[in-house]
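The data block below is entry21.txt; it holds compact mmCIF, C-alpha atoms.
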```
# COMPACT_ATOMS: atom_id res chain seq x y z
CA MET A 1039 -53.29 178.44 -25.39
CA THR A 1040 -52.22 176.45 -28.38
CA ILE A 1041 -48.51 176.46 -28.98
CA LEU A 1042 -48.03 177.20 -32.64
CA THR A 1043 -44.84 176.10 -34.24
CA ARG A 1044 -43.59 177.04 -37.65
CA ARG A 1045 -43.91 173.45 -38.73
CA SER A 1046 -47.47 173.07 -37.51
CA MET A 1047 -48.40 176.18 -39.42
CA LEU A 1048 -46.68 174.94 -42.53
CA ARG A 1049 -48.46 171.62 -42.37
CA SER A 1050 -51.79 173.33 -42.10
CA SER A 1051 -51.36 176.07 -44.62
CA LEU A 1052 -49.41 174.44 -47.42
CA ALA A 1053 -47.35 177.55 -47.50
CA LEU A 1054 -44.28 179.09 -48.82
CA THR A 1055 -40.78 179.28 -47.44
CA ALA A 1056 -39.81 179.26 -43.81
CA ALA A 1057 -36.88 181.41 -42.80
CA GLY A 1058 -34.83 181.32 -39.70
CA ALA A 1059 -31.42 182.40 -38.57
CA SER A 1060 -29.04 179.51 -38.25
CA GLY A 1061 -29.62 177.73 -34.99
CA ALA A 1062 -32.71 179.77 -34.15
CA PRO A 1063 -35.87 178.07 -32.92
CA LEU A 1064 -38.32 177.10 -35.59
CA TYR A 1065 -40.82 179.58 -34.37
CA ARG A 1066 -40.20 182.86 -32.58
CA GLN A 1067 -42.87 183.31 -29.96
CA ARG A 1068 -44.03 186.91 -30.06
CA GLY A 1069 -45.18 188.37 -26.76
CA GLY A 1070 -46.90 185.20 -25.69
CA HIS A 1071 -49.34 185.31 -28.56
CA ASP A 1072 -49.93 182.20 -30.57
CA ARG A 1073 -49.29 183.94 -33.83
CA GLY A 1074 -47.25 183.20 -36.83
CA ARG A 1075 -46.31 185.89 -39.30
CA VAL A 1076 -46.68 185.42 -43.02
CA VAL A 1077 -45.86 187.64 -45.96
CA GLY A 1078 -47.46 187.01 -49.32
CA SER A 1079 -47.86 188.90 -52.55
CA GLY A 1080 -50.88 190.79 -53.77
CA PHE A 1081 -49.67 191.54 -57.27
CA ARG A 1082 -52.79 189.94 -58.70
CA PRO A 1083 -56.11 190.16 -56.86
CA GLY A 1084 -56.60 186.41 -57.20
CA ARG A 1085 -53.24 185.72 -55.57
CA GLY A 1086 -54.09 187.98 -52.65
CA ARG A 1087 -57.42 186.28 -52.16
CA PHE A 1088 -55.65 182.91 -52.32
CA VAL A 1089 -53.31 183.90 -49.50
CA GLN A 1090 -56.25 185.25 -47.51
CA LYS A 1091 -58.11 181.98 -47.98
CA ILE A 1092 -55.13 179.92 -46.83
CA VAL A 1093 -54.88 182.02 -43.68
CA ALA A 1094 -58.62 181.94 -43.03
CA ASP A 1095 -58.79 178.18 -43.50
CA TYR A 1096 -55.88 177.70 -41.17
CA GLU A 1097 -57.27 180.01 -38.52
CA LYS A 1098 -60.65 178.28 -38.67
CA ALA A 1099 -59.16 174.82 -38.42
CA SER A 1100 -56.67 175.60 -35.69
CA GLY A 1101 -58.20 178.37 -33.63
CA ASN A 1102 -54.92 180.24 -33.93
CA THR A 1103 -54.50 183.64 -35.48
CA ILE A 1104 -51.96 184.69 -38.06
CA ASP A 1105 -50.54 188.15 -38.46
CA TYR A 1106 -49.94 188.48 -42.17
CA SER A 1107 -49.24 191.08 -44.80
CA ILE A 1108 -50.04 191.15 -48.48
CA MET A 1109 -48.03 193.53 -50.60
CA PRO A 1110 -46.69 194.01 -54.14
CA TYR A 1111 -43.66 192.04 -55.24
CA ALA A 1112 -41.07 194.84 -55.19
CA PRO A 1113 -41.52 195.96 -51.58
CA MET A 1114 -42.03 192.37 -50.49
CA ARG A 1115 -38.70 191.37 -51.99
CA GLN A 1116 -37.03 194.27 -50.21
CA LYS A 1117 -38.58 193.19 -46.93
CA ILE A 1118 -37.46 189.61 -47.45
CA VAL A 1119 -33.86 190.70 -48.00
CA SER A 1120 -34.00 192.99 -44.96
CA ALA A 1121 -35.55 190.31 -42.79
CA VAL A 1122 -33.16 187.53 -43.73
CA THR A 1123 -30.18 189.87 -43.48
CA SER A 1124 -31.17 191.14 -40.04
CA GLY A 1125 -32.41 187.81 -38.72
CA VAL A 1126 -35.76 189.28 -37.69
CA VAL A 1127 -37.82 187.14 -39.98
CA PRO A 1128 -41.43 186.28 -40.60
CA ASP A 1129 -42.23 182.63 -40.12
CA LEU A 1130 -43.19 182.26 -43.73
CA PHE A 1131 -42.74 184.26 -46.86
CA GLN A 1132 -43.39 183.75 -50.49
CA ASN A 1133 -40.41 182.48 -52.42
CA THR A 1134 -39.77 185.48 -54.63
CA PRO A 1135 -37.84 185.95 -56.77
CA ALA A 1136 -37.98 182.22 -57.30
CA GLU A 1137 -34.24 181.60 -57.15
CA ILE A 1138 -33.84 182.83 -53.56
CA ILE A 1139 -34.80 179.43 -52.17
CA ALA A 1140 -31.61 178.04 -53.70
CA LEU A 1141 -29.48 180.94 -52.42
CA TYR A 1142 -30.85 181.02 -48.89
CA ALA A 1143 -30.77 177.24 -48.63
CA TRP A 1144 -27.12 177.31 -49.73
CA GLN A 1145 -26.44 179.85 -46.97
CA ASP A 1146 -28.32 177.79 -44.35
CA LYS A 1147 -30.88 180.55 -43.85
CA LEU A 1148 -34.00 178.41 -44.22
CA VAL A 1149 -35.69 175.80 -42.12
CA ASP A 1150 -35.72 172.22 -43.38
CA VAL A 1151 -39.38 171.45 -44.04
CA SER A 1152 -39.00 167.93 -45.40
CA ASP A 1153 -41.55 166.61 -42.93
CA VAL A 1154 -44.10 169.10 -44.21
CA VAL A 1155 -43.47 168.26 -47.84
CA GLU A 1156 -43.75 164.59 -46.98
CA THR A 1157 -47.37 165.03 -45.97
CA GLN A 1158 -48.20 166.31 -49.47
CA ARG A 1159 -45.65 164.39 -51.51
CA GLU A 1160 -48.11 162.40 -53.58
CA GLU A 1161 -49.78 165.61 -54.73
CA TYR A 1162 -46.62 167.05 -56.28
CA THR A 1163 -45.03 166.72 -59.68
CA GLU A 1164 -41.38 165.71 -59.83
CA THR A 1165 -40.54 169.21 -61.06
CA ALA A 1166 -42.21 170.81 -58.03
CA LEU A 1167 -40.28 168.54 -55.69
CA LEU A 1168 -36.97 169.18 -57.46
CA THR A 1169 -37.53 172.93 -57.25
CA ALA A 1170 -37.96 172.90 -53.48
CA ARG A 1171 -35.13 170.45 -52.77
CA CYS A 1172 -32.03 172.61 -52.48
CA TYR A 1173 -28.46 172.22 -51.31
CA ASN A 1174 -27.37 173.46 -47.90
CA ASN A 1175 -23.67 174.28 -48.05
CA VAL A 1176 -23.31 174.30 -44.25
CA GLU A 1177 -24.93 170.94 -43.64
CA LYS A 1178 -23.59 169.61 -46.94
CA LYS A 1179 -26.84 168.03 -48.03
CA ARG A 1180 -29.91 168.57 -50.10
CA SER A 1181 -33.27 168.87 -48.44
CA TYR A 1182 -36.64 170.57 -48.80
CA TYR A 1183 -36.52 174.22 -47.87
CA GLY A 1184 -39.85 175.29 -49.31
CA VAL A 1185 -43.33 173.93 -49.67
CA PRO A 1186 -44.63 174.28 -53.24
CA TYR A 1187 -48.13 175.63 -53.52
CA THR A 1188 -48.21 176.80 -57.11
CA VAL A 1189 -46.33 176.26 -60.36
CA GLY A 1190 -45.46 178.48 -63.27
CA ALA A 1191 -43.82 178.18 -66.64
CA SER A 1192 -41.21 180.25 -68.45
CA MET A 1193 -42.72 181.65 -71.59
CA ASN A 1194 -41.06 181.30 -74.93
CA HIS A 1195 -42.47 183.96 -77.18
CA VAL A 1196 -42.43 183.50 -80.94
CA TRP A 1197 -43.18 186.51 -83.08
CA ARG A 1198 -45.54 185.26 -85.78
CA PRO A 1199 -45.15 188.34 -88.05
CA LEU A 1200 -41.41 187.79 -88.17
CA VAL A 1201 -41.80 184.10 -88.91
CA GLU A 1202 -44.15 185.00 -91.77
CA LYS A 1203 -41.86 187.78 -92.92
CA ALA A 1204 -39.18 185.14 -93.37
CA GLY A 1205 -41.57 183.20 -95.60
CA TYR A 1206 -42.69 180.53 -93.17
CA LYS A 1207 -45.81 179.61 -91.27
CA MET A 1208 -46.07 178.85 -87.60
CA GLU A 1209 -46.82 175.26 -88.52
CA ASP A 1210 -43.32 175.02 -90.02
CA ILE A 1211 -41.68 175.42 -86.61
CA PRO A 1212 -40.14 172.10 -85.51
CA LYS A 1213 -41.50 170.32 -82.48
CA THR A 1214 -38.22 169.31 -80.85
CA TRP A 1215 -35.92 171.70 -79.01
CA ASP A 1216 -32.73 171.37 -81.05
CA ALA A 1217 -34.54 171.67 -84.36
CA TYR A 1218 -36.69 174.46 -82.96
CA LEU A 1219 -33.68 176.54 -81.94
CA ARG A 1220 -31.86 175.92 -85.23
CA PHE A 1221 -34.97 176.92 -87.16
CA LEU A 1222 -35.55 180.17 -85.31
CA GLN A 1223 -31.90 181.16 -85.31
CA GLY A 1224 -31.70 180.54 -89.02
CA ARG A 1225 -34.82 182.55 -89.79
CA ALA A 1226 -33.61 185.42 -87.62
CA GLU A 1227 -30.39 185.60 -89.60
CA GLU A 1228 -32.33 185.59 -92.85
CA ILE A 1229 -34.39 188.65 -91.97
CA ALA A 1230 -31.77 190.52 -89.94
CA ARG A 1231 -31.42 194.08 -91.25
CA PRO A 1232 -29.63 197.16 -89.91
CA GLY A 1233 -31.96 199.00 -87.59
CA HIS A 1234 -34.24 196.04 -87.20
CA ALA A 1235 -35.53 195.92 -83.67
CA SER A 1236 -35.50 192.22 -83.15
CA MET A 1237 -32.58 190.24 -81.83
CA SER A 1238 -34.41 187.04 -82.60
CA MET A 1239 -37.87 185.74 -83.21
CA ALA A 1240 -37.99 183.97 -79.93
CA SER A 1241 -36.90 184.86 -76.47
CA VAL A 1242 -35.77 181.54 -75.10
CA PHE A 1243 -34.47 182.67 -71.75
CA SER A 1244 -36.27 185.56 -70.16
CA MET B 480 -41.06 170.05 -76.44
CA LEU B 481 -44.53 169.60 -75.00
CA GLY B 482 -43.46 166.78 -72.72
CA PRO B 483 -42.87 166.75 -68.98
CA THR B 484 -41.87 169.98 -67.30
CA LEU B 485 -38.33 170.71 -66.15
CA PRO B 486 -37.17 172.78 -63.20
CA GLN B 487 -35.11 175.93 -63.53
CA PHE B 488 -31.32 175.66 -63.88
CA TRP B 489 -30.65 176.93 -60.39
CA VAL B 490 -32.26 173.81 -58.95
CA TYR B 491 -29.14 171.93 -59.94
CA ASN B 492 -26.56 174.55 -59.05
CA PRO B 493 -27.10 177.54 -56.75
CA ALA B 494 -24.48 179.48 -58.68
CA TYR B 495 -27.03 179.93 -61.42
CA ALA B 496 -29.47 181.26 -58.81
CA GLN B 497 -26.97 184.03 -58.16
CA VAL B 498 -26.58 184.60 -61.91
CA GLN B 499 -30.31 185.03 -62.18
CA ASN B 500 -30.60 187.03 -58.97
CA GLU B 501 -28.17 189.73 -60.08
CA HIS B 502 -29.43 189.69 -63.68
CA ALA B 503 -26.06 189.00 -65.24
CA PHE B 504 -27.40 188.52 -68.77
CA MET B 505 -30.03 191.25 -68.59
CA THR B 506 -27.29 193.64 -67.51
CA GLY B 507 -25.56 192.70 -70.75
CA TRP B 508 -28.67 193.59 -72.70
CA MET B 509 -28.78 196.97 -70.96
CA ASP B 510 -25.10 197.52 -71.67
CA ILE B 511 -26.01 197.26 -75.35
CA ILE B 512 -29.34 199.10 -75.33
CA GLN B 513 -28.52 201.87 -72.89
CA GLY B 514 -24.76 201.91 -72.77
CA GLY B 515 -24.03 201.50 -76.46
CA MET B 516 -21.69 198.61 -75.80
CA ALA B 517 -20.91 196.30 -78.69
CA PRO B 518 -22.85 193.01 -78.38
CA GLN B 519 -19.63 190.97 -78.43
CA ALA B 520 -18.16 193.01 -75.58
CA ALA B 521 -21.40 192.87 -73.61
CA ALA B 522 -21.57 189.11 -74.00
CA GLU B 523 -17.96 188.70 -72.92
CA LYS B 524 -18.57 190.91 -69.90
CA ALA B 525 -21.66 188.92 -68.92
CA PHE B 526 -19.92 185.56 -69.30
CA LYS B 527 -16.96 186.83 -67.29
CA ARG B 528 -19.29 187.71 -64.43
CA VAL B 529 -21.05 184.34 -64.73
CA GLU B 530 -17.70 182.57 -64.51
CA GLU B 531 -16.84 184.58 -61.39
CA ILE B 532 -20.10 183.57 -59.75
CA PHE B 533 -19.60 179.91 -60.54
CA ALA B 534 -16.11 180.14 -59.05
CA GLU B 535 -17.52 181.73 -55.89
CA ILE B 536 -20.26 179.09 -55.52
CA PRO B 537 -18.66 175.83 -56.56
CA ASP B 538 -20.79 172.87 -57.50
CA ALA B 539 -20.08 170.88 -54.38
CA GLN B 540 -23.18 168.75 -54.52
CA SER B 541 -25.14 167.54 -57.57
```
I'd like the structure from this file rewritten - as structure tokens, please.
Amino acid sequence: MTILTRRSMLRSSLALTAAGASGAPLYRQRGGHDRGRVVGSGFRPGRGRFVQKIVADYEKASGNTIDYSIMPYAPMRQKIVSAVTSGVVPDLFQNTPAEIIALYAWQDKLVDVSDVVETQREEYTETALLTARCYNNVEKKRSYYGVPYTVGASMNHVWRPLVEKAGYKMEDIPKTWDAYLRFLQGRAEEIARPGHASMSMASVFS
Amino acid sequence: MLGPTLPQFWVYNPAYAQVQNEHAFMTGWMDIIQGGMAPQAAAEKAFKRVEEIFAEIPDAQS
């Protein structure tokens, strides 16, 4: 029987975040079965299929089996909190909401997966690497506590009708951040009226 | 503005992760929208909570 460790699974599956109680073994052997347990989100069908493909590829390559669950974000987040709080954790879970990697790393709740990240380092952007490299306040050091497998961007919505209402075109919006913010703040003040629904034309931090 | 990407704030300081995790600023928005709180008071309340979080999770690394 193949002995599956959390690290071997991470290397093979390019996955998520590994949780473990402080001082616990990297992988909790369950009833003698060579299984890891993974929780991923199924909020979008494509995401669910992606998780399924990762698992299937891993199982095919390794001969091991993975017990995994796909569920919507809200219940998954509740399960993550329950698991990490109780110490009965899956081997991997999706890092959601995104900031929990920084919180759990700070609390020494996650496994250092630097060796896993190292195998994929050349594939990552600097931003992806920075995001997964968090500070552990028990060990007093930064290290990799997650393995990036996707990236996203924070949207900055600009309401074109409001820009035009203020007498401008979208092309008038500056292309640098400081000028951009000054421009939108100024236009918002120009069109601000009692009862107007908008706080600003752009939501910078959502 | 269309240059290289940047990570989220909490990458640099976990205190901001807690700010985001408990929705300190969004709670301020709800204080205004649902609670009828004056925007100035809501902002001061939110910043007070943010300052508390940063005091609880000091920037011991960076």
Counting all atoms listed in the file, which residues of chain A come no farther than 10 Å from chain B, as a PyMOL selection string?
chain A and resi 1135-1144+1163-1175+1178-1180+1191-1192+1212-1216+1218+1243-1244
Set the distance at 7 Å and use only C-alpha atoms: which residues neighbour B:Ala522 once local chain neighbours fewer than 4 positions away are removed? I'd like the list as number ranges by chain.
B: 507, 518, 526
Could you save the residues just selected, with C-alpha atoms, as a PDB file, in the coordinates of the input?
```pdb
ATOM      1  CA  GLY B 507     -25.560 192.700 -70.750  1.00  0.00           C
ATOM      2  CA  PRO B 518     -22.850 193.010 -78.380  1.00  0.00           C
ATOM      3  CA  PHE B 526     -19.920 185.560 -69.300  1.00  0.00           C
TER       4      PHE B 526
END
```
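The gap separating atom CA of B:Ile511 from atom CA of A:Ala1112 is 25.3 Å, in Å to one decimal.
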Residues within 12 Å of (-40.8, 196.1, -56.5), file coords, only C-alpha atoms, listed as a count of residues only
15
